[in-house]
Amino acid sequence: MFWARRQVITRTPDQLQLPFFLWTREAVKQLIESELGLSLSVWTIGRYLKDWGFTPQKPIRRAFEQNPREVRKWLEERYPAIRAQALREKAQIYWGDEMGMRSDHAAGRSWGLRGQTPVIPTSGQRFGCNMISAISNRGRLYFMIFPKEFNGPVFVKFLDRLLRQVRGKIFLILDSHPVHRSRVAKAWLTQNHKHLRLFFLPSYSPELNPDELLNQDVKTNAVGRRPPEDADDLMANVRGYLHSTQRQPEIVRNYFRGPHVAYAAL
């Protein structure tokens with residue numbers, strides 16, 4: 001049976017030709033039946049999983065295109081070098097990201113009678129807004145909410161604001177979004193290279209960015225908890241939540257305690 005435990009740890013069901021995407025009790029049941037010829041109930045499988053040290057968890061999505069070698073190089077070489085350079089140049093390291101938010105995003109659950117799904121009154125209109133933010137492991141948070149698409153001028157506007165808000169040199173770590181490498185951004189960076197430098201995460205590696213945890217927090221607690229009436233209401237909800245978070249640096253520091261981003265807390 002420990003063979004089955006090893007398979008759950010190291011493989012996914014589809015890799016073993018099972019008709020499942022996630023490891024469920026039924027998936028483990030079929031694995032044991034097909035390989036060991038044992039027919040066990042899902043309840044017995046559940047007890048085995050618990051004894052083996054497993055708990056039901058929400059999995060992290062990881063792109064097939066991610067290069068494990070690049071991730072390892074980032075963790076072992078590139079980020080330590082950036083941190084050492086920041087110490088030499090007395091620069092502050094920030095982690096940035098942008099995201100879109102929609103009015104129909106929902107989070108959490110509501111109690112209701114069995115067989116009767118609770119109904120939440122909301123607007124039939126669909127609208128959204130966007131956010132770009134930057135956080136540091138010292139608990140600092142800066143952001144900008146905007147209604148239109150993310151493009152070069154919007155990015156440069158945020159960088160201008162960041163320079164006004166942060167004293168000293170800034171090292172900003174981002175993903176490889178095309179806007180971050182646009183001609184508008186490059187021209188701005190050429191003029192401001194003494195004050196701000198950009199560094200880029202490995203491709204397809206959002207789990208390495210602590211700012212992604214801020215994004216999840218905002219979507220869950222600023223967007224998904226109360227249905228907005230219109231776009232202005234949505235932006236006001238998000239802006240108010242972020243202003244509150246800014247006043248609580250311990251919350252921002254908590255974004256750096258996740259297992260995949262703890263390296264950035266140093």
# chains A, B, ... in the order shown; residues from 1 in each chain; ligands from 1
call {"tool": "residues_around", "arguments": {"residues": "A:Tyr255", "least_positions_apart": "2", "cutoff": "8 Å", "atoms": "only C-alpha atoms", "output": "list of chain:residue names"}}
result
A:Pro210, A:Asp211, A:Leu213, A:Leu214, A:Ile251, A:Val252, A:Arg253, A:Arg257, A:Gly258
call {"tool": "residues_around", "arguments": {"residues": "A:Leu75", "least_positions_apart": "3", "cutoff": "12 Å", "atoms": "only C-alpha atoms", "output": "PyMOL selection string"}}
result
chain A and resi 68-72+78-83+201-202+205+208-209+260-264+266
call {"tool": "select_by_dssp", "arguments": {"residues": "stretch 112-200 of chain A", "states": "alpha helix (DSSP H)", "output": "PyMOL selection string"}}
result
chain A and resi 152-165+183-191
call {"tool": "closest_residue", "arguments": {"among": "A:Arg167, A:Asp175, A:Gly100, A:Ser203", "to": "A:Glu149", "atoms": "only C-alpha atoms"}}
result
A:Gly100
call {"tool": "closest_residue", "arguments": {"among": "A:Pro178, A:Glu89, A:Ser136, A:Trp52", "to": "A:Phe256", "atoms": "only C-alpha atoms"}}
result
A:Ser136
call {"tool": "residues_around", "arguments": {"residues": "A:Gly96", "least_positions_apart": "4", "cutoff": "8 Å", "atoms": "only C-alpha atoms", "output": "compact mmCIF listing (two decimals) with N, CA and C atoms, in the first residue's frame"}}
result
# COMPACT_ATOMS: atom_id res chain seq x y z
N ILE A 132 -2.69 47.70 -10.23
CA ILE A 132 -1.26 47.40 -10.24
C ILE A 132 -0.73 47.75 -8.86
N SER A 133 0.14 46.92 -8.34
CA SER A 133 0.60 47.11 -6.96
C SER A 133 2.05 46.70 -6.83
N ALA A 134 2.64 47.12 -5.71
CA ALA A 134 4.00 46.72 -5.36
C ALA A 134 4.07 46.60 -3.85
N ILE A 135 4.72 45.54 -3.37
CA ILE A 135 4.84 45.31 -1.92
C ILE A 135 6.29 44.99 -1.57
N LEU A 172 12.59 46.70 -8.52
CA LEU A 172 11.23 46.20 -8.68
C LEU A 172 11.26 44.88 -9.44
N ILE A 173 10.74 43.82 -8.83
CA ILE A 173 10.72 42.49 -9.44
C ILE A 173 9.33 42.22 -9.99
N LEU A 174 9.26 41.83 -11.26
CA LEU A 174 7.99 41.64 -11.97
C LEU A 174 8.04 40.36 -12.80
N ASN A 209 5.97 34.95 -6.82
CA ASN A 209 5.75 36.38 -6.60
C ASN A 209 4.83 36.61 -5.40
N ASP A 211 3.41 39.19 -4.45
CA ASP A 211 2.31 40.11 -4.78
C ASP A 211 1.08 39.36 -5.28
